[in-house]
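*Asks:* Sharing a structure, written as structure tokens. Questions coming.
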Amino acid sequence: MLRWSLGFGKNCKFPCNHHSNLGFRHNQRYSLVNVKLKWVKDNVLDSVVTGEKELRAAWVILSVIAADPGCCLPIYRLSGRRRGQLGLPEDLKVSTFMRRYPNIFDEFHLPDTGGTLVPWFRLTPDAIRLNQESMAVFQQNQKDLLDRIIKLLLLTKDTILPLHTIDQLKWDLGLPYDYLDSFISKYENMFSLIPLPHNRLALKLISPPNELPLSQLETNAEVDDVKNGRLSFNVGFPRGFGLNRKSMKWLEEWQRLPYTSPYSDSSHLDRRTDVSEKRIVGVFHELLHLTIEKKTDRRNVSNLRNPLNLPQKFTKVFERHPGIFYISKKNNTQTVVLREAYDRHRLVQKHPISEIRERFRCLMKEGFLDKSRGLYKKQTAANSNSGEDVCENGFESEGHMFSDYESDETAHLFRLCE
């Protein structure tokens, strides 16, 4: 990704000839300039989105099975109402998806009340160990995750978000599958659940901090720049991206405009101005920094319009600022990625939860490749006759079929995933 020499780089700022005491009227003179920069495919950032749906679906299924007292579930408990939370294609059966990864989901069969054999799934020892490690990582990072939830609610106009909106963001925020019971319930003095129309619930921050937090942009900036409110965003473009003179001039001037913190009151801003647009860019810059991997589905962002008190068509800022945000169109959806957070395909600052997910991704790749070589075919018949006692602890014995197999190709695959 190219960094431009006109102040777009990480440590560069546009020169500013404006005085810090310019008033409200002056700020409103910056009308919304009709500029739309072209979208250019970025193969490097596309690679950080590829496989995200499969990873998320497999992790949700793992979490559901691990939360069951018996550590195993019949397939009909994993389909039905839960299917919508997986995000899998409608023509892909949940059982078919799980069978792609036999080193994570171990299948066996038990008869139902009518004597028909029903597929059941339990976690393999490798999956159980990784899940236990993820739980330990979550415990170690609870304070960080708590701060992220608080900041997310502080971004809203009434420090409140519907639960279904948080549910859509919980993977991106690093929250566990059952975050209400395992996490939020520990902080009853800070949060409360309030009813909404149509039998819905919302999470409200009832004990906001005395002082508003600094945004990530303010945290990274020089003290003097924060004081005069003239902060500029890091901007970078992929190779082959060209800016005409008009767009370059507009972008230079736009970077010099006053910066309004996403946590402060913005009711004085005229929504028809570039100053207001810069504030919207700042909101999503901060929102993406609150996510674990600095990206989220565009639909998740669209659902935040009312809570964040944003104007219609506010997501147009992604098209107008492709040097700050990249919209990946992989996985039959649109994912908004924060460019500055990545050094090519790697996160500049990797969260411990992200490291756990990378290991899980490698485990999925290992199982998929081993299955394609026919490693697990001979185990299917044996598992079909497994008894009910296998659900007691999730696996039968230490001599599990996955424990003593590791090929050179598998070892190479793990090196690729590191």
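Ordering of the structure tokens sets the chain letters (A, B, ...); residue numbers start at 1 within each chain; ligands are numbered from 1 in the order shown.
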With only C-alpha atoms as the counted atoms, please give the residues lying no more than 12 Å from Ile194 in chain A, apart from itself and same-chain residues fewer than 6 positions off, as a list in words.

*Replies:*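 Residues meeting the cut-off are Thr159, Ile160, Leu161, Pro162, Leu163, Arg200, Leu201, Ala202, Leu203, Lys204, Leu205 and Ile206 of chain A.
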
*Asks:* Would you mind exporting the chosen residues as a compact mmCIF listing (two decimals), in the first residue's frame, restricted to N, CA, C and O atoms?

*Replies:*
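Final output, result21.txt:
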```
# COMPACT_ATOMS: atom_id res chain seq x y z
N THR A 159 -26.35 6.41 25.01
CA THR A 159 -25.59 5.31 25.63
C THR A 159 -26.41 4.03 25.70
O THR A 159 -26.43 3.34 26.72
N ILE A 160 -27.06 3.71 24.60
CA ILE A 160 -27.93 2.54 24.56
C ILE A 160 -27.86 1.91 23.17
O ILE A 160 -27.80 2.61 22.16
N LEU A 161 -27.87 0.57 23.14
CA LEU A 161 -27.88 -0.17 21.88
C LEU A 161 -28.79 -1.38 22.00
O LEU A 161 -28.74 -2.10 23.01
N PRO A 162 -29.62 -1.64 21.00
CA PRO A 162 -30.44 -2.86 21.02
C PRO A 162 -29.55 -4.10 21.05
O PRO A 162 -28.47 -4.12 20.45
N LEU A 163 -30.01 -5.12 21.74
CA LEU A 163 -29.20 -6.34 21.85
C LEU A 163 -28.95 -6.99 20.49
O LEU A 163 -27.88 -7.56 20.26
N ARG A 200 -38.39 -6.42 22.36
CA ARG A 200 -36.94 -6.44 22.23
C ARG A 200 -36.29 -5.82 23.47
O ARG A 200 -36.94 -5.13 24.25
N LEU A 201 -35.00 -6.07 23.62
CA LEU A 201 -34.24 -5.54 24.75
C LEU A 201 -33.05 -4.74 24.24
O LEU A 201 -32.56 -4.97 23.13
N ALA A 202 -32.58 -3.83 25.09
CA ALA A 202 -31.41 -3.03 24.75
C ALA A 202 -30.48 -2.98 25.96
O ALA A 202 -30.91 -3.13 27.10
N LEU A 203 -29.20 -2.78 25.68
CA LEU A 203 -28.22 -2.64 26.74
C LEU A 203 -27.91 -1.15 26.93
O LEU A 203 -27.60 -0.45 25.96
N LYS A 204 -27.99 -0.69 28.17
CA LYS A 204 -27.76 0.72 28.47
C LYS A 204 -26.61 0.86 29.45
O LYS A 204 -26.52 0.10 30.42
N LEU A 205 -25.78 1.85 29.20
CA LEU A 205 -24.70 2.19 30.12
C LEU A 205 -25.25 3.13 31.18
O LEU A 205 -25.59 4.27 30.88
N ILE A 206 -25.35 2.67 32.41
CA ILE A 206 -25.96 3.47 33.47
C ILE A 206 -24.92 4.18 34.33
O ILE A 206 -25.28 5.06 35.14
```

*Asks:* For CA of Trp250 in chain A and CA of Leu45 in chain A, determine how far apart the two atoms are, in Å to one decimal place.

*Replies:* 25.6 Å

*Asks:* Counting only C-alpha atoms, which residue out of A:Tyr259, A:Phe105, A:Trp254, A:Trp39 sits closest to Ala66 in chain A?

*Replies:*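 With only C-alpha atoms as the atom set, the closest residue is A:Phe105.
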
*Asks:* Please run DSSP on the backbone and report, as a ChimeraX atom specification, all residues within range 104-182 of chain A that come out as strand (DSSP E).

*Replies:* /A:105-111,117-123,160-162

*Asks:* Just N, CA, C and O atoms for this one: save the residues we selected as a CSV table (one decimal), in the first residue's frame.

*Replies:*
```
chain,number,residue,atom,x,y,z
A,105,PHE,N,-14.9,-31.3,14.8
A,105,PHE,CA,-16.3,-31.9,15.2
A,105,PHE,C,-16.3,-33.4,14.9
A,105,PHE,O,-16.1,-33.8,13.8
A,106,ASP,N,-16.4,-34.2,16.0
A,106,ASP,CA,-16.3,-35.6,15.9
A,106,ASP,C,-17.8,-36.1,15.8
A,106,ASP,O,-18.6,-35.9,16.7
A,107,GLU,N,-18.1,-36.8,14.8
A,107,GLU,CA,-19.5,-37.3,14.5
A,107,GLU,C,-19.7,-38.7,15.0
A,107,GLU,O,-18.8,-39.6,14.8
A,108,PHE,N,-20.8,-38.9,15.6
A,108,PHE,CA,-21.2,-40.3,16.0
A,108,PHE,C,-22.8,-40.3,15.9
A,108,PHE,O,-23.4,-39.3,15.6
A,109,HIS,N,-23.3,-41.5,16.1
A,109,HIS,CA,-24.8,-41.7,15.9
A,109,HIS,C,-25.4,-42.4,17.0
A,109,HIS,O,-24.9,-43.3,17.6
A,110,LEU,N,-26.6,-41.9,17.4
A,110,LEU,CA,-27.4,-42.5,18.5
A,110,LEU,C,-28.8,-42.6,18.0
A,110,LEU,O,-29.3,-41.8,17.2
A,111,PRO,N,-29.5,-43.6,18.5
A,111,PRO,CA,-30.9,-43.8,18.0
A,111,PRO,C,-31.9,-42.8,18.7
A,111,PRO,O,-31.7,-42.5,19.9
A,117,LEU,N,-31.2,-43.9,13.7
A,117,LEU,CA,-29.9,-43.3,14.1
A,117,LEU,C,-29.8,-41.8,13.7
A,117,LEU,O,-30.1,-41.5,12.5
A,118,VAL,N,-29.5,-41.0,14.6
A,118,VAL,CA,-29.4,-39.6,14.4
A,118,VAL,C,-27.9,-39.1,14.6
A,118,VAL,O,-27.2,-39.5,15.5
A,119,PRO,N,-27.4,-38.3,13.7
A,119,PRO,CA,-26.1,-37.8,13.8
A,119,PRO,C,-25.9,-36.9,15.1
A,119,PRO,O,-26.7,-36.0,15.3
A,120,TRP,N,-24.9,-37.1,15.8
A,120,TRP,CA,-24.5,-36.3,17.0
A,120,TRP,C,-23.1,-35.8,16.7
A,120,TRP,O,-22.3,-36.4,16.0
A,121,PHE,N,-22.8,-34.7,17.4
A,121,PHE,CA,-21.4,-34.1,17.2
A,121,PHE,C,-20.9,-33.7,18.6
A,121,PHE,O,-21.6,-33.2,19.5
A,122,ARG,N,-19.6,-34.0,18.8
A,122,ARG,CA,-18.9,-33.6,20.0
A,122,ARG,C,-17.6,-33.0,19.6
A,122,ARG,O,-17.2,-33.1,18.4
A,123,LEU,N,-16.9,-32.3,20.5
A,123,LEU,CA,-15.6,-31.7,20.1
A,123,LEU,C,-14.5,-32.7,20.3
A,123,LEU,O,-14.5,-33.5,21.2
A,160,ILE,N,-27.1,3.7,24.6
A,160,ILE,CA,-27.9,2.5,24.6
A,160,ILE,C,-27.9,1.9,23.2
A,160,ILE,O,-27.8,2.6,22.2
A,161,LEU,N,-27.9,0.6,23.1
A,161,LEU,CA,-27.9,-0.2,21.9
A,161,LEU,C,-28.8,-1.4,22.0
A,161,LEU,O,-28.7,-2.1,23.0
A,162,PRO,N,-29.6,-1.6,21.0
A,162,PRO,CA,-30.4,-2.9,21.0
A,162,PRO,C,-29.6,-4.1,21.0
A,162,PRO,O,-28.5,-4.1,20.5
```

*Asks:* Would you mind telling me which residue in A:Ile75, A:Leu37, A:Val44, A:Gln168 lies nearest to Arg346 in chain A when using only C-alpha atoms?

*Replies:*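 Among the listed residues, A:Val44 lies closest to Arg346 in chain A.
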
*Asks:* Using DSSP on the backbone coordinates, identify all residues within range 63-202 of chain A classified as helix (DSSP H, G or I); present the result as a ChimeraX atom specification.

*Replies:* /A:63-67,75-78,80-86,94-99,125-140,142-154,163-173,179-182,184-187

*Asks:* Restrict the selected residues to C-alpha atoms and save them as a PDB file, in the first residue's frame.

*Replies:*
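selection25.pdb, written as the output of this step:
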```pdb
ATOM      1  CA  SER A  63     -19.061 -22.489  21.450  1.00  0.00           C
ATOM      2  CA  VAL A  64     -22.579 -23.950  21.402  1.00  0.00           C
ATOM      3  CA  ILE A  65     -21.321 -27.516  21.823  1.00  0.00           C
ATOM      4  CA  ALA A  66     -18.837 -26.521  24.535  1.00  0.00           C
ATOM      5  CA  ALA A  67     -21.614 -24.773  26.487  1.00  0.00           C
ATOM      6  CA  ILE A  75     -27.600 -32.162  14.583  1.00  0.00           C
ATOM      7  CA  TYR A  76     -31.157 -30.859  14.924  1.00  0.00           C
ATOM      8  CA  ARG A  77     -30.025 -28.803  17.951  1.00  0.00           C
ATOM      9  CA  LEU A  78     -27.336 -27.188  15.853  1.00  0.00           C
ATOM     10  CA  GLY A  80     -33.079 -24.778  13.262  1.00  0.00           C
ATOM     11  CA  ARG A  81     -33.123 -21.404  15.025  1.00  0.00           C
ATOM     12  CA  ARG A  82     -29.356 -21.275  15.438  1.00  0.00           C
ATOM     13  CA  ARG A  83     -28.697 -21.580  11.728  1.00  0.00           C
ATOM     14  CA  GLY A  84     -29.297 -17.879  11.121  1.00  0.00           C
ATOM     15  CA  GLN A  85     -26.457 -17.017  13.526  1.00  0.00           C
ATOM     16  CA  LEU A  86     -23.967 -19.052  11.492  1.00  0.00           C
ATOM     17  CA  VAL A  94     -24.921 -27.529   8.820  1.00  0.00           C
ATOM     18  CA  SER A  95     -23.965 -31.205   9.022  1.00  0.00           C
ATOM     19  CA  THR A  96     -22.165 -31.008   5.671  1.00  0.00           C
ATOM     20  CA  PHE A  97     -20.242 -27.978   6.876  1.00  0.00           C
ATOM     21  CA  MET A  98     -19.219 -29.676  10.132  1.00  0.00           C
ATOM     22  CA  ARG A  99     -18.061 -32.823   8.347  1.00  0.00           C
ATOM     23  CA  PRO A 125      -9.509 -33.099  22.135  1.00  0.00           C
ATOM     24  CA  ASP A 126      -7.733 -30.520  19.969  1.00  0.00           C
ATOM     25  CA  ALA A 127     -10.880 -28.408  19.777  1.00  0.00           C
ATOM     26  CA  ILE A 128     -11.503 -28.732  23.516  1.00  0.00           C
ATOM     27  CA  ARG A 129      -7.990 -27.613  24.341  1.00  0.00           C
ATOM     28  CA  LEU A 130      -8.208 -24.621  22.010  1.00  0.00           C
ATOM     29  CA  ASN A 131     -11.574 -23.652  23.471  1.00  0.00           C
ATOM     30  CA  GLN A 132     -10.126 -23.807  26.983  1.00  0.00           C
ATOM     31  CA  GLU A 133      -7.250 -21.581  25.896  1.00  0.00           C
ATOM     32  CA  SER A 134      -9.682 -19.102  24.355  1.00  0.00           C
ATOM     33  CA  MET A 135     -11.614 -18.962  27.628  1.00  0.00           C
ATOM     34  CA  ALA A 136      -8.385 -18.225  29.488  1.00  0.00           C
ATOM     35  CA  VAL A 137      -7.510 -15.472  26.988  1.00  0.00           C
ATOM     36  CA  PHE A 138     -10.967 -13.985  27.460  1.00  0.00           C
ATOM     37  CA  GLN A 139     -10.537 -13.966  31.248  1.00  0.00           C
ATOM     38  CA  GLN A 140      -7.171 -12.241  30.907  1.00  0.00           C
ATOM     39  CA  GLN A 142     -11.921  -8.803  30.314  1.00  0.00           C
ATOM     40  CA  LYS A 143     -10.885  -5.253  31.233  1.00  0.00           C
ATOM     41  CA  ASP A 144     -10.004  -4.510  27.607  1.00  0.00           C
ATOM     42  CA  LEU A 145     -13.283  -5.952  26.331  1.00  0.00           C
ATOM     43  CA  LEU A 146     -15.218  -4.039  28.979  1.00  0.00           C
ATOM     44  CA  ASP A 147     -13.628  -0.794  27.777  1.00  0.00           C
ATOM     45  CA  ARG A 148     -14.645  -1.620  24.208  1.00  0.00           C
ATOM     46  CA  ILE A 149     -18.288  -2.133  25.197  1.00  0.00           C
ATOM     47  CA  ILE A 150     -18.314   1.091  27.214  1.00  0.00           C
ATOM     48  CA  LYS A 151     -16.834   3.079  24.335  1.00  0.00           C
ATOM     49  CA  LEU A 152     -19.279   1.539  21.887  1.00  0.00           C
ATOM     50  CA  LEU A 153     -22.195   2.680  24.046  1.00  0.00           C
ATOM     51  CA  LEU A 154     -20.612   6.116  24.514  1.00  0.00           C
ATOM     52  CA  LEU A 163     -29.201  -6.342  21.849  1.00  0.00           C
ATOM     53  CA  HIS A 164     -29.708  -7.545  18.288  1.00  0.00           C
ATOM     54  CA  THR A 165     -27.268  -4.830  17.144  1.00  0.00           C
ATOM     55  CA  ILE A 166     -24.665  -5.946  19.692  1.00  0.00           C
ATOM     56  CA  ASP A 167     -25.291  -9.556  18.653  1.00  0.00           C
ATOM     57  CA  GLN A 168     -24.305  -8.619  15.118  1.00  0.00           C
ATOM     58  CA  LEU A 169     -21.088  -7.032  16.405  1.00  0.00           C
ATOM     59  CA  LYS A 170     -20.126  -9.492  19.152  1.00  0.00           C
ATOM     60  CA  TRP A 171     -17.759 -11.497  16.937  1.00  0.00           C
ATOM     61  CA  ASP A 172     -16.021  -8.311  15.799  1.00  0.00           C
ATOM     62  CA  LEU A 173     -15.791  -7.041  19.391  1.00  0.00           C
ATOM     63  CA  TYR A 179     -21.747 -12.625  26.483  1.00  0.00           C
ATOM     64  CA  LEU A 180     -24.869 -11.536  28.393  1.00  0.00           C
ATOM     65  CA  ASP A 181     -24.595 -14.384  30.908  1.00  0.00           C
ATOM     66  CA  SER A 182     -20.828 -14.847  31.025  1.00  0.00           C
ATOM     67  CA  ILE A 184     -22.331  -8.425  31.045  1.00  0.00           C
ATOM     68  CA  SER A 185     -24.074  -9.965  34.068  1.00  0.00           C
ATOM     69  CA  LYS A 186     -20.900  -9.409  36.125  1.00  0.00           C
ATOM     70  CA  TYR A 187     -21.286  -5.636  35.795  1.00  0.00           C
TER      71      TYR A 187
END
```

*Asks:* Got a sec: who's within 10 Å of Asn141 in chain A, counting only C-alpha atoms, leaving out chain neighbours fewer than 6 positions off, as a PyMOL selection string?

*Replies:* chain A and resi 135+174+351-353

*Asks:* How many Å separate CA of Val223 in chain A from CA of Arg339 in chain A?

*Replies:*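 Interatomic distance here is 23.9 Å.
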
*Asks:* With distances taken over only C-alpha atoms, which residue among A:Tyr326, A:Glu252, A:Gly51, A:Lys157 lies nearest Ser266 in chain A?

*Replies:*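 Of A:Tyr326, A:Glu252, A:Gly51, A:Lys157, the one nearest Ser266 in chain A is A:Lys157, counting only C-alpha atoms.
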
*Asks:* With only C-alpha atoms as the counted atoms, please give the residues lying no more than 6 Å from Ser328 in chain A, apart from itself and same-chain residues fewer than 6 positions off, as a list in words.

*Replies:* Asp46, Gln334 and Thr335 of chain A

*Asks:* Separation of CA of Val337 in chain A and CA of Thr291 in chain A, in Å?

*Replies:* 10.5 Å

*Asks:* Which residue, A:Gly282, A:Pro102, A:Gly242, A:Pro311, has the smallest gap to Leu217 in chain A when you use only C-alpha atoms?

*Replies:*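 For Leu217 in chain A, the nearest of the given residues is A:Gly282.
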